[in-house]
file my_file-v5.txt (compact mmCIF, C-alpha atoms and all ligand atoms)
# COMPACT_ATOMS: atom_id res chain seq x y z
CA MET A 1 238.68 119.89 253.01
CA ARG A 2 241.43 118.54 250.80
CA PHE A 3 241.07 115.22 248.97
CA CYS A 4 243.65 113.00 247.34
CA SER A 5 244.14 113.95 243.69
CA SER A 6 244.13 110.31 242.69
CA CYS A 7 241.51 108.66 244.95
CA LEU A 8 238.81 110.09 247.22
CA TYR A 9 240.44 109.99 250.65
CA PRO A 10 240.10 113.22 252.64
CA GLU A 11 242.85 114.76 254.73
CA SER A 12 240.73 114.04 257.82
CA LYS A 13 241.55 110.32 257.54
CA PRO A 14 243.81 109.34 260.48
CA ASP A 15 247.45 108.56 259.63
CA LEU A 16 247.04 109.68 256.00
CA TRP A 17 249.60 111.98 254.39
CA PHE A 18 249.99 113.56 250.95
CA ASP A 19 253.02 113.96 248.69
CA ALA A 20 253.89 117.17 246.80
CA ASN A 21 251.49 116.21 243.99
CA GLY A 22 248.57 115.77 246.39
CA VAL A 23 248.62 111.98 246.14
CA CYS A 24 247.76 110.18 249.40
CA SER A 25 249.87 107.59 251.20
CA ALA A 26 247.33 104.84 250.46
CA CYS A 27 247.70 105.45 246.70
CA LEU A 28 251.49 105.69 247.01
CA GLY A 29 251.55 102.43 248.95
CA TYR A 30 249.54 100.77 246.22
CA ALA A 31 251.71 102.21 243.43
CA GLY A 32 254.73 100.74 245.18
CA ARG A 33 253.32 97.30 244.58
CA GLY A 34 253.99 97.58 240.87
CA ALA A 35 257.67 97.03 241.58
CA VAL A 36 257.07 93.84 243.57
CA ASP A 37 258.42 90.62 242.14
CA TRP A 38 255.51 88.35 243.00
CA ASP A 39 257.29 85.18 241.93
CA LYS A 40 259.98 85.99 244.42
CA ARG A 41 257.41 86.70 247.09
CA ARG A 42 255.72 83.35 246.41
CA ALA A 43 259.06 81.59 246.81
CA GLU A 44 259.51 83.48 250.06
CA PHE A 45 256.06 82.28 251.17
CA LEU A 46 257.05 78.67 250.49
CA ARG A 47 260.27 79.11 252.46
CA VAL A 48 258.43 80.58 255.44
CA THR A 49 255.65 77.99 255.47
CA ASP A 50 258.08 75.10 254.97
CA ARG A 51 259.88 76.21 258.10
CA TYR A 52 256.65 75.98 260.09
CA ARG A 53 255.08 72.94 258.43
CA ALA A 54 254.30 70.24 261.01
CA LYS A 55 257.00 67.64 260.37
CA ASP A 56 255.18 64.39 261.03
CA GLY A 57 251.60 65.41 260.28
CA GLY A 58 250.94 65.41 264.01
CA ASN A 59 249.67 68.96 264.13
CA TYR A 60 248.34 71.76 261.94
CA ASP A 61 250.77 73.67 259.74
CA CYS A 62 249.26 77.03 260.58
CA ILE A 63 246.24 78.81 262.00
CA VAL A 64 244.15 80.95 259.73
CA PRO A 65 241.69 83.33 261.35
CA VAL A 66 238.46 83.24 259.34
CA SER A 67 235.46 85.54 259.58
CA GLY A 68 233.64 83.73 256.80
CA GLY A 69 234.09 86.68 254.46
CA LYS A 70 235.45 86.67 250.93
CA ASP A 71 239.00 87.39 252.11
CA SER A 72 239.18 84.56 254.60
CA THR A 73 237.64 82.18 252.05
CA TYR A 74 240.38 83.23 249.62
CA GLN A 75 243.07 82.77 252.29
CA VAL A 76 241.97 79.20 252.95
CA ILE A 77 241.90 78.42 249.21
CA ARG A 78 245.47 79.74 248.78
CA LEU A 79 246.75 77.73 251.74
CA LEU A 80 245.12 74.53 250.50
CA GLN A 81 246.57 75.16 247.03
CA HIS A 82 250.02 75.15 248.61
CA GLY A 83 249.44 71.85 250.37
CA LEU A 84 249.14 73.32 253.84
CA LYS A 85 246.90 71.94 256.54
CA PRO A 86 245.42 74.94 258.33
CA LEU A 87 243.25 75.08 261.41
CA CYS A 88 240.59 77.69 260.72
CA VAL A 89 239.63 79.77 263.74
CA THR A 90 236.64 82.05 263.97
CA ALA A 91 236.19 84.69 266.62
CA MET A 92 232.43 84.88 266.29
CA THR A 93 231.23 88.29 265.11
CA ASP A 94 229.20 90.60 267.31
CA SER A 95 225.90 89.79 265.62
CA LEU A 96 226.19 87.01 263.06
CA SER A 97 223.95 87.32 260.00
CA GLU A 98 222.32 84.39 258.22
CA ILE A 99 224.46 84.80 255.11
CA GLY A 100 227.52 85.05 257.34
CA ARG A 101 226.64 81.72 258.93
CA ARG A 102 226.26 80.04 255.54
CA ASN A 103 229.60 81.42 254.37
CA LEU A 104 231.34 80.06 257.47
CA GLU A 105 229.86 76.63 256.79
CA ASN A 106 231.14 76.97 253.23
CA ILE A 107 234.71 77.47 254.47
CA ALA A 108 234.59 74.24 256.45
CA ARG A 109 233.33 72.50 253.30
CA LEU A 110 236.52 73.54 251.51
CA GLY A 111 238.00 70.70 253.54
CA VAL A 112 239.39 72.08 256.77
CA ASP A 113 238.99 71.71 260.53
CA HIS A 114 237.24 74.71 262.02
CA VAL A 115 237.05 76.04 265.56
CA SER A 116 234.67 78.82 266.44
CA VAL A 117 234.83 80.73 269.73
CA THR A 118 231.74 82.59 270.89
CA ILE A 119 232.18 85.04 273.72
CA ASN A 120 229.45 85.28 276.36
CA PRO A 121 226.83 87.38 274.56
CA VAL A 122 225.56 88.98 277.77
CA VAL A 123 228.96 90.52 278.51
CA ARG A 124 229.62 91.21 274.86
CA ARG A 125 226.46 93.31 274.44
CA ARG A 126 227.49 95.40 277.43
CA ILE A 127 230.90 95.96 275.84
CA ASN A 128 229.32 96.83 272.47
CA ARG A 129 227.23 99.44 274.19
CA LEU A 130 230.09 100.82 276.26
CA ALA A 131 232.40 101.00 273.27
CA LEU A 132 229.77 102.79 271.22
CA THR A 133 228.98 105.36 273.87
CA GLU A 134 232.55 105.86 275.14
CA ILE A 135 234.72 105.77 271.98
CA GLY A 136 232.13 105.74 269.20
CA ASP A 137 233.00 102.27 267.96
CA ILE A 138 230.42 99.54 268.47
CA SER A 139 232.79 97.01 266.85
CA TRP A 140 235.63 97.48 269.33
CA PRO A 141 235.11 94.06 271.01
CA GLU A 142 235.06 92.39 267.61
CA HIS A 143 238.28 94.08 266.55
CA VAL A 144 239.97 92.96 269.75
CA ALA A 145 238.65 89.39 269.62
CA ILE A 146 239.62 88.74 265.99
CA PHE A 147 243.23 89.32 267.06
CA THR A 148 243.28 87.76 270.52
CA ILE A 149 241.33 84.54 269.95
CA PRO A 150 243.45 83.08 267.10
CA VAL A 151 246.68 84.06 268.88
CA ARG A 152 245.50 82.45 272.13
CA LEU A 153 244.72 79.25 270.23
CA ALA A 154 248.10 79.35 268.50
CA VAL A 155 249.75 79.37 271.93
CA GLN A 156 247.48 76.70 273.41
CA MET A 157 247.66 74.34 270.45
CA ARG A 158 251.34 74.93 269.76
CA VAL A 159 250.72 75.94 266.16
CA PRO A 160 253.15 78.83 265.86
CA LEU A 161 252.32 80.22 262.39
CA LEU A 162 249.33 82.55 262.00
CA VAL A 163 248.33 83.55 258.49
CA TRP A 164 246.47 86.87 258.42
CA GLY A 165 244.98 88.47 255.32
CA GLU A 166 245.97 91.92 254.21
CA ASN A 167 248.01 94.50 256.01
CA SER A 168 245.26 97.11 256.23
CA GLN A 169 247.89 99.80 256.70
CA ASN A 170 249.09 99.14 253.18
CA GLU A 171 245.82 99.31 251.24
CA TYR A 172 244.27 102.05 253.33
CA GLY A 173 247.34 104.17 253.97
CA GLY A 174 249.30 104.53 257.15
CA PRO A 175 252.79 105.31 258.40
CA ALA A 176 255.32 104.21 255.80
CA ALA A 177 257.11 101.88 258.21
CA SER A 178 253.95 99.91 258.92
CA GLN A 179 253.22 99.51 255.20
CA GLU A 180 256.39 97.49 254.80
CA HIS A 181 255.52 95.14 257.64
CA SER A 182 254.96 91.57 256.52
CA THR A 183 254.20 90.33 260.01
CA LEU A 184 251.54 91.09 262.58
CA ASP A 185 252.78 91.25 266.12
CA ARG A 186 251.64 92.71 269.38
CA ARG A 187 253.12 96.11 268.53
CA TRP A 188 251.21 96.23 265.22
CA LEU A 189 248.01 95.31 267.04
CA GLU A 190 248.47 98.01 269.64
CA GLU A 191 249.37 100.66 267.07
CA PHE A 192 247.14 99.82 264.14
CA GLY A 193 244.57 97.32 265.44
CA GLY A 194 242.00 100.08 265.85
CA LEU A 195 241.71 99.94 269.63
CA LEU A 196 241.30 103.74 269.86
CA GLY A 197 243.07 104.06 273.18
CA LEU A 198 240.61 101.81 275.04
CA ARG A 199 242.41 98.92 276.70
CA VAL A 200 240.74 95.66 277.60
CA SER A 201 241.68 96.14 281.26
CA ASP A 202 239.83 99.49 281.28
CA LEU A 203 236.56 97.55 281.14
CA ILE A 204 237.01 95.82 284.50
CA GLY A 205 234.50 97.20 286.98
CA LEU A 206 232.32 98.88 284.36
CA GLU A 207 228.78 97.51 283.88
CA ASN A 208 229.58 94.66 286.28
CA ILE A 209 232.31 93.33 283.99
CA LYS A 210 234.87 91.16 285.79
CA ARG A 211 238.37 90.22 284.76
CA SER A 212 237.19 86.64 284.27
CA ASP A 213 234.67 87.86 281.68
CA LEU A 214 237.53 89.11 279.52
CA VAL A 215 239.65 85.97 279.16
CA GLN A 216 239.10 85.69 275.40
CA PHE A 217 239.85 89.37 274.90
CA THR A 218 243.25 89.00 276.52
CA TYR A 219 246.36 88.81 274.36
CA PRO A 220 248.90 86.17 275.46
CA THR A 221 251.93 87.48 277.31
CA ASP A 222 255.27 87.97 275.54
CA ALA A 223 256.65 85.02 277.48
CA GLU A 224 253.82 82.76 276.31
CA LEU A 225 254.24 83.90 272.72
CA LYS A 226 257.97 83.33 272.88
CA ALA A 227 257.63 79.88 274.41
CA ALA A 228 255.27 78.81 271.64
CA GLY A 229 257.32 80.64 268.99
CA VAL A 230 254.21 82.35 267.65
CA THR A 231 254.62 84.48 264.57
CA GLY A 232 252.13 86.02 262.16
CA ILE A 233 252.38 86.78 258.45
CA PHE A 234 250.16 88.74 256.08
CA LEU A 235 249.15 86.74 253.01
CA GLY A 236 248.75 90.07 251.18
CA TYR A 237 252.52 90.49 251.38
CA PHE A 238 253.17 87.29 249.45
CA PHE A 239 250.32 87.33 246.91
CA PRO A 240 248.63 90.24 245.10
CA TRP A 241 245.71 91.32 247.26
CA ASP A 242 242.49 92.70 245.84
CA GLY A 243 239.15 92.40 247.58
CA TYR A 244 237.29 92.16 244.30
CA GLN A 245 239.58 89.43 242.98
CA ASN A 246 239.24 87.59 246.29
CA ALA A 247 235.45 87.78 246.00
CA LEU A 248 235.52 86.37 242.45
CA ILE A 249 237.70 83.46 243.53
CA ALA A 250 235.74 82.85 246.73
CA GLN A 251 232.45 82.79 244.79
CA GLY A 252 233.87 80.09 242.56
CA TYR A 253 234.29 78.05 245.74
CA GLY A 254 230.76 78.52 247.05
CA PHE A 255 230.98 81.90 248.80
CA GLU A 256 227.62 83.66 248.73
CA THR A 257 227.11 87.36 247.96
CA GLN A 258 224.03 89.46 248.51
CA GLY A 259 221.52 90.23 245.77
CA ARG A 260 221.97 93.99 246.14
CA LEU A 261 224.52 96.48 247.43
CA VAL A 262 225.20 96.44 251.16
CA GLU A 263 223.78 99.60 252.73
CA GLY A 264 226.36 102.42 252.80
CA SER A 265 228.73 100.46 250.58
CA LEU A 266 229.41 99.99 246.88
CA ALA A 267 229.77 96.24 247.10
CA ASN A 268 227.57 93.19 247.57
CA TYR A 269 230.45 90.87 248.42
CA GLU A 270 231.87 92.10 251.73
CA ASN A 271 230.93 92.91 255.32
CA LEU A 272 228.05 90.46 255.15
CA ASP A 273 228.60 88.74 258.48
CA ASN A 274 227.68 91.23 261.20
CA TYR A 275 224.50 93.28 261.53
CA GLN A 276 226.39 95.91 263.55
CA THR A 277 228.83 96.79 260.76
CA GLY A 278 226.54 99.48 259.36
CA ILE A 279 226.76 101.34 262.66
CA HIS A 280 230.54 100.91 262.77
CA ASP A 281 230.95 102.36 259.26
CA TYR A 282 228.53 105.21 259.95
CA PHE A 283 230.63 106.37 262.90
CA LYS A 284 233.68 106.52 260.67
CA TYR A 285 231.72 108.93 258.51
CA LEU A 286 230.62 111.01 261.50
CA LYS A 287 234.20 111.33 262.72
CA PHE A 288 236.13 111.69 259.48
CA GLY A 289 233.65 112.49 256.70
CA PHE A 290 234.06 109.31 254.67
CA GLY A 291 232.60 105.81 254.88
CA ARG A 292 232.83 102.36 253.39
CA ALA A 293 231.68 103.47 249.92
CA THR A 294 234.81 105.64 249.71
CA ASP A 295 237.07 102.73 250.69
CA ILE A 296 235.58 100.49 248.02
CA ALA A 297 235.56 103.19 245.34
CA ASN A 298 239.24 103.91 246.04
CA ASN A 299 240.19 100.25 245.69
CA HIS A 300 238.53 100.24 242.26
CA ILE A 301 240.11 103.56 241.17
CA ARG A 302 243.60 102.30 241.99
CA ARG A 303 243.04 99.19 239.92
CA GLY A 304 241.63 101.09 236.94
CA ARG A 305 238.09 99.78 237.30
CA LEU A 306 236.45 103.13 238.11
CA THR A 307 237.27 106.66 236.97
CA ARG A 308 237.58 109.27 239.70
CA PRO A 309 234.54 111.29 238.41
CA ASP A 310 232.31 108.19 238.38
CA ALA A 311 233.54 107.27 241.85
CA VAL A 312 232.67 110.76 243.12
CA GLU A 313 229.08 110.30 241.93
CA LEU A 314 228.76 106.86 243.49
CA VAL A 315 230.19 107.97 246.81
CA ARG A 316 227.83 110.96 246.90
CA ARG A 317 224.91 108.57 246.46
CA HIS A 318 225.95 105.97 249.00
CA ASP A 319 228.38 107.25 251.64
CA GLY A 320 227.29 108.48 255.03
CA LYS A 321 223.60 107.64 254.88
CA PHE A 322 221.92 107.12 258.25
CA PRO A 323 222.01 103.33 258.81
CA TRP A 324 218.24 102.73 258.90
CA THR A 325 218.88 99.10 257.95
CA TYR A 326 221.89 96.83 257.56
CA LEU A 327 221.75 93.61 255.53
CA GLY A 328 218.02 94.32 255.50
CA ARG A 329 217.62 94.34 259.30
CA PRO A 330 216.01 97.50 260.77
CA ILE A 331 218.20 99.56 263.07
CA ALA A 332 215.70 99.30 265.96
CA GLU A 333 216.27 95.52 266.00
CA ILE A 334 220.04 95.86 265.74
CA LEU A 335 220.08 98.37 268.61
CA GLY A 336 217.58 96.30 270.61
CA GLU A 337 220.32 93.68 271.01
CA ILE A 338 222.47 96.18 272.89
CA ASP A 339 219.51 97.59 274.80
CA MET A 340 219.47 100.98 273.09
CA THR A 341 216.66 102.93 271.42
CA VAL A 342 217.00 104.75 268.09
CA GLU A 343 216.57 108.03 269.96
CA GLU A 344 219.44 107.23 272.33
CA PHE A 345 221.49 106.16 269.33
CA VAL A 346 220.99 109.47 267.52
CA ALA A 347 222.11 111.29 270.66
CA VAL A 348 225.32 109.23 270.69
CA CYS A 349 225.80 109.96 266.96
CA ASP A 350 225.47 113.69 267.62
CA ARG A 351 228.12 113.50 270.32
CA PHE A 352 230.64 111.91 267.97
CA THR A 353 229.81 114.02 264.91
CA ASN A 354 232.75 116.13 263.78
CA LYS A 355 231.39 119.69 264.07
CA ARG A 356 234.08 121.00 261.71
CA LEU A 357 232.79 118.72 258.95
CA PHE A 358 229.02 118.91 259.38
CA LYS A 359 226.48 121.70 259.73
CA THR A 360 225.16 122.41 263.23
CA ASP A 361 222.45 124.67 264.63
CA ASN A 362 223.24 127.64 266.85
CA ARG A 363 223.48 125.35 269.88
CA GLY A 364 226.03 123.12 268.20
CA LYS A 365 223.63 120.25 267.52
CA PRO A 366 224.20 118.53 264.16
CA ILE A 367 221.46 119.27 261.63
CA ARG A 368 219.82 116.34 259.85
CA ASP A 369 217.73 116.43 256.68
CA ARG A 370 214.37 114.68 256.32
CA HIS A 371 216.14 111.37 255.62
CA GLY A 372 218.07 111.67 258.87
CA ASP A 373 221.30 112.47 257.03
CA LEU A 374 223.88 115.05 258.06
CA VAL A 375 224.64 118.13 255.99
CA PRO A 376 228.36 118.18 255.08
CA LEU A 377 230.32 121.42 255.13
CA PHE A 378 232.76 119.95 252.61
CA GLU A 379 232.25 119.05 248.99
CA LEU A 380 233.76 115.93 247.51
CA ARG A 381 235.20 116.90 244.13
ZN ZN A 401 244.69 108.45 247.27
call {"tool": "encode", "arguments": {"input": "my_file-v5.txt", "output": "structure tokens", "more": "lines below"}}
Ligand SMILES: [Zn+2]
result
Amino acid sequence: MRFCSSCLYPESKPDLWFDANGVCSACLGYAGRGAVDWDKRRAEFLRVTDRYRAKDGGNYDCIVPVSGGKDSTYQVIRLLQHGLKPLCVTAMTDSLSEIGRRNLENIARLGVDHVSVTINPVVRRRINRLALTEIGDISWPEHVAIFTIPVRLAVQMRVPLLVWGENSQNEYGGPAASQEHSTLDRRWLEEFGGLLGLRVSDLIGLENIKRSDLVQFTYPTDAELKAAGVTGIFLGYFFPWDGYQNALIAQGYGFETQGRLVEGSLANYENLDNYQTGIHDYFKYLKFGFGRATDIANNHIRRGRLTRPDAVELVRRHDGKFPWTYLGRPIAEILGEIDMTVEEFVAVCDRFTNKRLFKTDNRGKPIRDRHGDLVPLFELR
């Protein structure tokens, strides 16, 4: 398998491409930022937000979707610094952790109004399970809800401006056209929102799920969006975006990190709010041969904080380990919430394991070592 000559992304990563020098589109996208005039971008941000600012103080100036993570904490700080009055909206995560709850409370204490929408957990667990077994992504309902819930509220509350965080297509590589996008619209969501071809309407009738169970997962219609004038911007387009920087700033404003590295990651400051995230990241590894540790290492390489050889060592140590625990919670407990045993889970893992990337026995079943880890057929170098 071929890897980027600059970072550690493999060619198996969806939507990634390489230039003639073997440098990946994520690195090229990042390099392009050097030419950005950030003062100009900031002025542009002020122009955009001034246009949407509530004239008489009778409403919010914008809606900012917040998970409670370091990035959303940073977003709220930036908006407050610019004199905006945001309404913070949380689409509650699939399985909120204790530290995640404290970090959400911390955001409200920055001095903002905060709405949190929790979807019926009975239905949600069924969808988690379906999404895991059908498309290999336990976090599918979360990825839908974090887009639909804030947009629905924007329509209902007549607050047209949504301020998202980073354009993930830029930092993590994607089609060139999408990297230039400064706005998030329905088309972006459908193309890059990670829905993996499963539509919300596909769920109706499965596991007793009714249309009325899916209200919060439903994106407003084009007519509704137009009537309310809803538009979305990425803050990462207007201000330099770096997860590590965001974590430093957020911590200065009360954001809590974990005492040790998050399992499967190289950071202690992100993905702290959902016990199911370890499973989500592990499936990325099963499908494409890289996990969250690679993402984090690459962010550091591009910013000169890690050399490529050191990053290779760290990723070898941390990426793709079987998720026995996440945020300290044993996998049996995490799976218990979606009514699945560890044995059933391993069978689902095997089904989604990329047989071209990992060793299998003569019946095509993925081989695991005594730690439960897969044996890669590729070597990260
Ligand atoms: Zn790269």
call {"tool": "closest_residue", "arguments": {"input": "my_file-v5.txt", "among": "A:Glu98, A:Asp137, A:Asp113, A:Asp369", "to": "A:Val76", "atoms": "all atoms listed in the file"}}
result
A:Asp113
call {"tool": "closest_atom_pairs", "arguments": {"input": "my_file-v5.txt", "of": "chain A", "to": "ligand ZN 401 (chain A)", "cutoff": "7 Å", "atoms": "only C-alpha atoms and all ligand atoms", "output": "CSV"}}
result
residue,atom,partner,partner_atom,distance
A:Cys4,CA,A:ZN401,ZN,4.7
A:Ser5,CA,A:ZN401,ZN,6.6
A:Ser6,CA,A:ZN401,ZN,5.0
A:Cys7,CA,A:ZN401,ZN,3.9
A:Leu8,CA,A:ZN401,ZN,6.1
A:Tyr9,CA,A:ZN401,ZN,5.6
A:Val23,CA,A:ZN401,ZN,5.4
A:Cys24,CA,A:ZN401,ZN,4.1
A:Ser25,CA,A:ZN401,ZN,6.6
A:Ala26,CA,A:ZN401,ZN,5.5
A:Cys27,CA,A:ZN401,ZN,4.3
call {"tool": "residues_around", "arguments": {"input": "my_file-v5.txt", "residues": "A:Gly229", "least_positions_apart": "4", "cutoff": "9 Å", "atoms": "all atoms listed in the file", "output": "ChimeraX atom specification"}}
result
/A:155,158-161,224-225
call {"tool": "write_last_selection", "arguments": {"input": "my_file-v5.txt", "atoms": "C-alpha atoms", "output": "PDB file, keeping the file's coordinate frame"}}
result
ATOM      1  CA  VAL A 155     249.750  79.370 271.930  1.00  0.00           C
ATOM      2  CA  ARG A 158     251.340  74.930 269.760  1.00  0.00           C
ATOM      3  CA  VAL A 159     250.720  75.940 266.160  1.00  0.00           C
ATOM      4  CA  PRO A 160     253.150  78.830 265.860  1.00  0.00           C
ATOM      5  CA  LEU A 161     252.320  80.220 262.390  1.00  0.00           C
ATOM      6  CA  GLU A 224     253.820  82.760 276.310  1.00  0.00           C
ATOM      7  CA  LEU A 225     254.240  83.900 272.720  1.00  0.00           C
TER       8      LEU A 225
END
call {"tool": "atom_distance", "arguments": {"input": "my_file-v5.txt", "atom1": "atom CA of A:Pro330", "atom2": "atom CA of A:Glu270"}}
result
19.0 Å
call {"tool": "residues_around", "arguments": {"input": "my_file-v5.txt", "residues": "A:Val375", "least_positions_apart": "3", "cutoff": "7 Å", "atoms": "all atoms listed in the file", "output": "PyMOL selection string"}}
result
chain A and resi 358-359+367-368
call {"tool": "closest_residue", "arguments": {"input": "my_file-v5.txt", "among": "A:Asn354, A:Thr307, A:Ser265, A:Thr49", "to": "A:Asp295", "atoms": "all atoms listed in the file"}}
result
A:Ser265
call {"tool": "atom_distance", "arguments": {"input": "my_file-v5.txt", "atom1": "atom CA of A:Leu214", "atom2": "atom CA of A:Ile119"}}
result
8.9 Å
call {"tool": "atom_distance", "arguments": {"input": "my_file-v5.txt", "atom1": "atom CA of A:Leu96", "atom2": "atom CA of A:Asn246"}}
result
21.3 Å
call {"tool": "closest_residue", "arguments": {"input": "my_file-v5.txt", "among": "A:Thr148, A:Trp164, A:Thr90, A:Thr133", "to": "A:Phe234", "atoms": "all atoms listed in the file"}}
result
A:Trp164
call {"tool": "residues_around", "arguments": {"input": "my_file-v5.txt", "residues": "A:Trp140", "least_positions_apart": "3", "cutoff": "12 Å", "atoms": "all atoms listed in the file", "output": "PyMOL selection string"}}
result
chain A and resi 93-94+124-137+143-147+193-200+203+217+276-277+279-280
call {"tool": "closest_residue", "arguments": {"input": "my_file-v5.txt", "among": "A:Ala228, A:Ile301, A:Ile209, A:Ala250", "to": "A:Asn103", "atoms": "only C-alpha atoms"}}
result
A:Ala250
call {"tool": "closest_residue", "arguments": {"input": "my_file-v5.txt", "among": "A:Arg101, A:Leu153, A:Gly259, A:Ile138", "to": "A:Cys88", "atoms": "only C-alpha atoms"}}
result
A:Leu153
call {"tool": "residues_around", "arguments": {"input": "my_file-v5.txt", "residues": "A:Ala347", "least_positions_apart": "3", "cutoff": "12 Å", "atoms": "all atoms listed in the file", "output": "NGL selection string"}}
result
:A and (132-133 or 136 or 340-344 or 350-353 or 365-366)
call {"tool": "write_last_selection", "arguments": {"input": "my_file-v5.txt", "atoms": "C-alpha atoms", "output": "mmCIF file, keeping the file's coordinate frame"}}
result
data_model
loop_
_atom_site.group_PDB
_atom_site.id
_atom_site.type_symbol
_atom_site.label_atom_id
_atom_site.label_comp_id
_atom_site.auth_asym_id
_atom_site.auth_seq_id
_atom_site.Cartn_x
_atom_site.Cartn_y
_atom_site.Cartn_z
ATOM 1 C CA LEU A 132 229.770 102.790 271.220
ATOM 2 C CA THR A 133 228.980 105.360 273.870
ATOM 3 C CA GLY A 136 232.130 105.740 269.200
ATOM 4 C CA MET A 340 219.470 100.980 273.090
ATOM 5 C CA THR A 341 216.660 102.930 271.420
ATOM 6 C CA VAL A 342 217.000 104.750 268.090
ATOM 7 C CA GLU A 343 216.570 108.030 269.960
ATOM 8 C CA GLU A 344 219.440 107.230 272.330
ATOM 9 C CA ASP A 350 225.470 113.690 267.620
ATOM 10 C CA ARG A 351 228.120 113.500 270.320
ATOM 11 C CA PHE A 352 230.640 111.910 267.970
ATOM 12 C CA THR A 353 229.810 114.020 264.910
ATOM 13 C CA LYS A 365 223.630 120.250 267.520
ATOM 14 C CA PRO A 366 224.200 118.530 264.160
#
call {"tool": "axis_aligned_box", "arguments": {"input": "my_file-v5.txt", "around": "stretch 235-251 of chain A", "padding_each_side": "4 Å", "output": "AutoDock Vina command-line options"}}
result
--center_x 242.8 --center_y 87.7 --center_z 247.7 --size_x 28.7 --size_y 17.9 --size_z 18.6
call {"tool": "closest_residue", "arguments": {"input": "my_file-v5.txt", "among": "A:Ile331, A:Gln258, A:Gly57, A:Glu337", "to": "A:Pro121", "atoms": "all atoms listed in the file"}}
result
A:Glu337
